[in-house]
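Note: the block below is model30.txt and it holds compact mmCIF, C-alpha atoms.
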# COMPACT_ATOMS: atom_id res chain seq x y z
CA PRO A 29 106.84 119.43 70.93
CA SER A 30 105.35 115.92 71.02
CA PRO A 31 104.57 114.46 74.45
CA SER A 32 107.24 112.13 75.80
CA PRO A 33 106.32 108.48 76.38
CA ALA A 34 106.36 107.18 79.93
CA LYS A 35 109.67 105.99 81.30
CA GLU A 36 109.77 102.33 82.23
CA THR A 37 111.59 100.77 85.14
CA THR A 38 111.88 97.10 86.03
CA SER A 39 112.61 95.21 89.20
CA SER A 40 114.29 91.83 89.54
CA GLN A 41 112.06 90.99 92.48
CA LYS A 42 109.53 88.31 91.54
CA PRO A 43 106.04 88.42 93.03
CA SER A 44 105.35 85.67 95.51
CA GLY A 45 102.76 83.01 94.72
CA SER A 46 101.19 79.92 96.16
CA GLY A 47 99.26 76.93 94.90
CA SER A 48 99.42 75.25 91.51
CA THR A 49 97.47 77.78 89.42
CA PRO A 50 99.24 78.17 86.04
CA THR A 51 101.05 81.47 85.60
CA PRO A 52 99.72 83.51 82.65
CA PRO A 53 102.21 84.11 79.82
CA PRO A 54 103.90 87.52 79.79
CA PRO A 55 102.00 90.29 77.96
CA PRO A 56 103.23 91.29 74.48
CA THR A 57 106.05 93.82 74.49
CA TYR A 58 105.08 97.43 73.84
CA THR A 59 106.03 98.72 70.39
CA ALA A 60 105.46 102.33 69.39
CA THR A 61 103.88 103.18 66.04
CA LYS A 62 103.23 106.48 64.25
CA ASP A 63 100.41 108.63 65.68
CA SER A 64 99.86 106.23 68.52
CA GLY A 65 100.07 106.14 72.28
CA ARG A 66 101.06 103.51 74.77
CA PHE A 67 98.14 101.66 76.34
CA LEU A 68 98.23 99.31 79.32
CA PHE A 69 95.46 97.19 80.82
CA ALA A 70 95.77 95.71 84.30
CA ILE A 71 93.49 93.88 86.72
CA THR A 72 93.30 93.22 90.43
CA ASP A 73 90.76 91.89 92.91
CA ASP A 74 89.54 93.62 96.06
CA THR A 75 87.29 91.05 97.66
CA VAL A 76 86.56 89.68 101.09
CA PRO A 77 87.47 86.03 101.76
CA LEU A 78 85.08 83.52 100.17
CA ALA A 79 84.18 80.48 102.29
CA ASP A 80 85.33 77.17 100.80
CA VAL A 81 86.46 78.84 97.55
CA ASP A 82 90.05 78.06 96.54
CA SER A 83 90.20 79.88 93.20
CA VAL A 84 88.15 82.03 90.84
CA LEU A 85 89.70 81.41 87.42
CA VAL A 86 88.71 83.95 84.77
CA THR A 87 89.83 83.40 81.17
CA MET A 88 89.93 86.53 79.01
CA THR A 89 90.16 86.25 75.24
CA ALA A 90 89.71 89.68 73.64
CA LEU A 91 89.88 93.39 74.38
CA ALA A 92 88.70 96.23 72.14
CA ALA A 93 87.92 99.96 72.45
CA ARG A 94 85.49 102.23 70.57
CA ASN A 95 87.06 105.35 69.06
CA SER A 96 85.68 108.82 68.32
CA LYS A 97 84.25 107.58 64.99
CA ALA A 98 82.27 104.85 66.79
CA GLN A 99 84.62 102.21 65.32
CA TRP A 100 85.76 99.27 67.40
CA VAL A 101 89.55 98.99 67.53
CA PRO A 102 90.80 95.44 68.32
CA ILE A 103 93.52 95.58 70.96
CA SER A 104 94.18 92.00 72.03
CA THR A 105 93.03 88.47 71.19
CA VAL A 106 95.40 86.56 73.48
CA ASN A 107 93.90 83.94 75.83
CA ARG A 108 94.94 84.39 79.46
CA THR A 109 93.58 82.91 82.68
CA TYR A 110 93.82 84.74 86.00
CA ASP A 111 93.02 83.58 89.51
CA LEU A 112 91.26 86.55 91.10
CA LEU A 113 91.76 85.23 94.62
CA LYS A 114 95.50 84.85 94.04
CA LEU A 115 95.68 88.48 92.93
CA LYS A 116 93.88 89.43 96.15
CA GLN A 117 96.27 87.40 98.31
CA GLU A 118 99.32 88.96 96.69
CA GLY A 119 97.93 92.51 96.52
CA ARG A 120 98.92 92.67 92.87
CA LEU A 121 97.97 94.87 89.98
CA GLU A 122 98.42 92.28 87.23
CA LEU A 123 99.53 93.48 83.80
CA VAL A 124 97.33 91.98 81.09
CA LEU A 125 98.41 94.09 78.12
CA ASP A 126 101.09 96.63 77.18
CA THR A 127 100.76 97.77 73.59
CA SER A 128 100.38 100.67 71.17
CA ILE A 129 96.99 101.90 69.91
CA PRO A 130 96.01 104.81 67.63
CA ALA A 131 95.86 108.20 69.35
CA ASP A 132 92.18 109.06 69.84
CA THR A 133 89.49 109.48 72.46
CA TYR A 134 87.80 106.19 73.33
CA ASP A 135 84.37 106.09 74.96
CA GLN A 136 83.84 102.38 75.54
CA MET A 137 85.78 99.18 75.99
CA SER A 138 84.76 95.57 75.50
CA LEU A 139 86.28 92.65 77.36
CA THR A 140 85.46 89.09 76.31
CA ILE A 141 85.40 86.45 79.03
CA ASP A 142 85.70 82.93 77.65
CA SER A 143 85.02 81.11 80.89
CA VAL A 144 84.89 81.35 84.67
CA VAL A 145 85.76 78.32 86.81
CA ILE A 146 85.16 78.25 90.56
CA VAL A 147 87.33 75.82 92.54
CA LYS A 148 85.73 74.83 95.85
CA ASN A 149 87.42 72.30 98.14
CA GLY A 150 89.50 71.12 95.20
CA ILE A 151 86.52 70.58 92.88
CA ALA A 152 86.11 72.74 89.75
CA HIS A 153 82.71 74.19 88.85
CA THR A 154 82.08 76.04 85.59
CA ALA A 155 80.14 79.22 86.33
CA LYS A 156 77.51 80.71 84.05
CA VAL A 157 78.20 84.30 82.93
CA PRO A 158 75.12 86.32 81.80
CA SER A 159 77.14 87.72 78.87
CA ARG A 160 80.57 86.71 77.64
CA ILE A 161 81.25 90.30 76.51
CA MET A 162 81.45 93.17 78.98
CA TYR A 163 80.67 96.52 77.32
CA ILE A 164 81.94 99.26 79.63
CA PRO A 165 81.37 103.01 79.00
CA LEU A 166 84.38 105.13 79.94
CA SER A 167 86.54 108.03 78.84
CA LEU A 168 90.04 107.25 77.56
CA PRO A 169 91.80 110.22 75.95
CA LEU A 170 95.14 109.25 74.40
CA ARG A 171 97.38 111.67 72.51
CA SER A 172 100.24 110.61 70.27
CA GLY A 173 103.30 109.76 72.33
CA GLN A 174 101.44 109.66 75.64
CA THR A 175 100.81 106.72 77.97
CA ALA A 176 97.43 105.74 79.42
CA ALA A 177 96.11 102.78 81.38
CA ILE A 178 92.83 101.15 82.31
CA THR A 179 92.72 99.22 85.56
CA MET A 180 89.85 96.90 86.42
CA ASP A 181 89.27 95.87 90.03
CA PHE A 182 87.04 92.79 90.30
CA ALA A 183 84.93 92.20 93.39
CA ALA A 184 84.68 88.42 93.28
CA ASP A 185 82.55 88.21 96.44
CA LYS A 186 79.89 90.47 94.89
CA SER A 187 80.17 88.81 91.46
CA LEU A 188 79.65 85.20 92.52
CA HIS A 189 76.17 83.82 93.18
CA ILE A 190 74.76 80.32 93.73
CA THR A 191 71.21 79.43 92.73
CA ASN A 192 68.87 77.24 94.78
CA ALA A 193 69.69 74.47 92.32
CA GLY A 194 73.40 74.80 93.12
CA GLN A 195 74.44 76.49 89.86
CA HIS A 196 77.28 79.00 90.05
CA ILE A 197 76.62 82.39 88.43
CA PHE A 198 79.42 84.91 87.87
CA ALA A 199 78.04 88.38 87.08
CA PRO A 200 81.12 90.67 87.16
CA VAL A 201 81.16 93.62 89.55
CA VAL A 202 84.12 95.86 88.76
CA GLN A 203 85.66 99.24 89.52
CA VAL A 204 87.08 100.79 86.34
CA ASN A 205 89.76 103.49 86.48
CA VAL A 206 91.48 105.34 83.65
CA LEU A 207 94.84 107.00 84.22
CA GLY A 208 96.27 109.30 81.56
CA GLU A 209 99.52 111.16 80.87
CA ILE A 210 101.45 108.58 82.88
CA GLN A 211 105.11 109.49 83.32
CA VAL A 212 106.54 106.28 84.79
CA VAL A 213 105.58 102.61 84.38
CA GLN A 214 107.29 100.22 86.80
CA LYS A 215 107.20 96.46 86.20
CA SER A 216 108.21 93.60 88.46
CA GLY A 217 107.51 90.32 86.73
CA SER A 218 103.84 90.57 85.75
CA LYS A 219 103.15 93.16 88.45
CA VAL A 220 102.84 96.77 87.31
CA GLU A 221 102.64 100.18 88.97
CA PHE A 222 101.94 103.62 87.48
CA PHE A 223 103.37 106.91 88.69
CA ASN A 224 102.73 110.60 87.96
CA GLY A 225 99.57 110.06 85.93
CA LEU A 226 96.29 111.99 85.90
CA PRO A 227 92.94 110.37 86.80
CA LYS A 228 90.63 110.57 83.77
CA PHE A 229 87.73 108.33 84.75
CA ALA A 230 86.48 106.22 87.66
CA ARG A 231 83.23 104.28 87.96
CA SER A 232 81.82 101.03 89.33
CA TYR A 233 79.73 98.66 87.23
CA GLY A 234 77.84 95.45 87.79
CA MET A 235 76.51 93.02 85.21
CA ASP A 236 72.77 92.37 85.42
CA GLU A 237 70.89 89.21 84.45
CA THR A 238 70.64 90.38 80.82
CA GLY A 239 74.42 90.85 80.55
CA ALA A 240 74.32 94.66 80.54
CA MET A 241 76.82 96.59 82.67
CA ARG A 242 74.98 98.93 85.03
CA LYS A 243 76.31 101.74 87.21
Starting from the coordinates I provided, produce the structure as structure tokens.
Amino acid sequence: PSPSPAKETTSSQKPSGSGSTPTPPPPPTYTATKDSGRFLFAITDDTVPLADVDSVLVTMTALAARNSKAQWVPISTVNRTYDLLKLKQEGRLELVLDTSIPADTYDQMSLTIDSVVIVKNGIAHTAKVPSRIMYIPLSLPLRSGQTAAITMDFAADKSLHITNAGQHIFAPVVQVNVLGEIQVVQKSGSKVEFFNGLPKFARSYGMDETGAMRK
């Protein structure tokens, strides 16, 4: 028999928020297709407090994954901006994407970052990113009818640097986790939780000055 897709539960409780940072639009609704699995992508931030920094606004524009034939499968091209420090304050795993992708084994993902803006004492500073595209090796097995998720935990305090000239550099440091065969997906607003899944991959990466993601 084919694997059963994850059950989904929702909660009417809305996550708390503060400040005037715009709320990202809701992710597209999941729609199953033939020979596909459900795929979710979520982010959070596990950082220590940053002195004088009000917000770290990261705008993401595209997500893709490389399949077993070394072909890049586009997953999302929707622009969304997230305040990493707000995610930290609220302890949230923020749902970025909930969709259907072809069943396969994926060995790499790419995440395009359009911009990073650092707000310090109410003043916005555009940060330089060594590479707009993060290429991240991983292992994402997804069978037809199953549910899998990638979570990305940013460490904003380790990612943000300031040069002697006062320029802000944002070189992402992230913890990437893959969870497969998820049985239950619980949503509350844009917050998401996963239950009864199996860990498939876990690794930390940091972007170097050339834009490459290193272990």
- Message: Can you measure CA of Lys219 (chain A) to CA of His189 (chain A) for me? One decimal in Å is fine.
- Response: 28.9 Å
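Across the structure, CA of Phe69 (chain A) and CA of Gly208 (chain A) are spaced 12.2 Å apart.
Distances to Thr127 (chain A) were evaluated for A:Arg94, A:Ala152, A:Ile103, A:Pro227 using all atoms listed in the file, and the minimum falls at A:Ile103.
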Residues within 8 Å of Glu122 (chain A), please, as a tab-separated table (two decimals) with C-alpha atoms, in the frame of the given file. Count all atoms listed in the file; anything in the same chain fewer than 6 positions from it doesn't count.
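Produced file out_18.tsv, reproduced below:
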chain	number	residue	atom	x	y	z
A	70	ALA	CA	95.77	95.71	84.30
A	71	ILE	CA	93.49	93.88	86.72
A	72	THR	CA	93.30	93.22	90.43
A	115	LEU	CA	95.68	88.48	92.93
A	218	SER	CA	103.84	90.57	85.75
A	219	LYS	CA	103.15	93.16	88.45
A	220	VAL	CA	102.84	96.77	87.31
- Query: Between A:Ala184, A:Val86, A:Ala98, A:Leu123, which has the minimum distance to Gly234 (chain A) (counting all atoms listed in the file)?
  - Reply: A:Ala184
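Nearest to Ser128 (chain A) of all the residues A:Thr179, A:Asn95, A:Ser64, A:Thr140 is A:Ser64, counting all atoms listed in the file.
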- Residues around (90.3, 96.0, 69.4), cut-off 12 Å, counting all atoms listed in the file - what are they as a VMD selection string? chain A and resid 67 89 to 95 99 to 106 127 to 130 134 136 to 140
- Item | Given all atoms listed in the file as the counted atoms, nearest of A:Asn224, A:Gln117, A:Gln214, A:Gln203 to Leu78 (chain A) | A:Gln117
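Excluding Leu166 (chain A) and any residue on its chain fewer than 2 positions from it, the residues at most 7 Å away by only C-alpha atoms are Asp135, Gln136, Ile164, Leu168 and Phe229 of chain A.
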- Query: Using only C-alpha atoms, which of A:Asp111, A:Asp236, A:Glu209, A:Asp63 sits nearest Lys35 (chain A)?
  - Reply: A:Glu209
- Skipping near chain neighbours, those fewer than 4 positions away, what residues fall within 12 Å of Thr238 (chain A) using only C-alpha atoms, listed as a ChimeraX atom specification? /A:157-162,199,234,242
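Atom pair CA of Val81 (chain A) / CA of Lys148 (chain A) has a distance of 4.4 Å (rounded to one decimal).
Restricting the calculation to only C-alpha atoms, the smallest distance between Asn107 (chain A) and any of A:Val76, A:Met241, A:Ala183, A:Leu125 is found for A:Leu125.
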Using the file's own x, y and z axes, what box holds all listed atoms of region 87-100 of chain A with 3 Å on each side, keeping edges along x, y and z, and what are its centre and edge lengths in Å to one decimal, as JSON?
{"center_x": 86.2, "center_y": 96.1, "center_z": 73.1, "size_x": 13.9, "size_y": 31.4, "size_z": 22.2}
Please work out which residues fall within 10 Å of (80.3, 77.5, 81.0), coordinates as given in the file, with only C-alpha atoms counting, and return them as an mmCIF file with C-alpha atoms, in the coordinates of the input.
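The file below, result.cif, is the result:
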data_model
loop_
_atom_site.group_PDB
_atom_site.id
_atom_site.type_symbol
_atom_site.label_atom_id
_atom_site.label_comp_id
_atom_site.auth_asym_id
_atom_site.auth_seq_id
_atom_site.Cartn_x
_atom_site.Cartn_y
_atom_site.Cartn_z
ATOM 1 C CA ASP A 142 85.700 82.930 77.650
ATOM 2 C CA SER A 143 85.020 81.110 80.890
ATOM 3 C CA VAL A 144 84.890 81.350 84.670
ATOM 4 C CA VAL A 145 85.760 78.320 86.810
ATOM 5 C CA HIS A 153 82.710 74.190 88.850
ATOM 6 C CA THR A 154 82.080 76.040 85.590
ATOM 7 C CA ALA A 155 80.140 79.220 86.330
ATOM 8 C CA LYS A 156 77.510 80.710 84.050
ATOM 9 C CA VAL A 157 78.200 84.300 82.930
ATOM 10 C CA ARG A 160 80.570 86.710 77.640
ATOM 11 C CA HIS A 196 77.280 79.000 90.050
ATOM 12 C CA ILE A 197 76.620 82.390 88.430
#
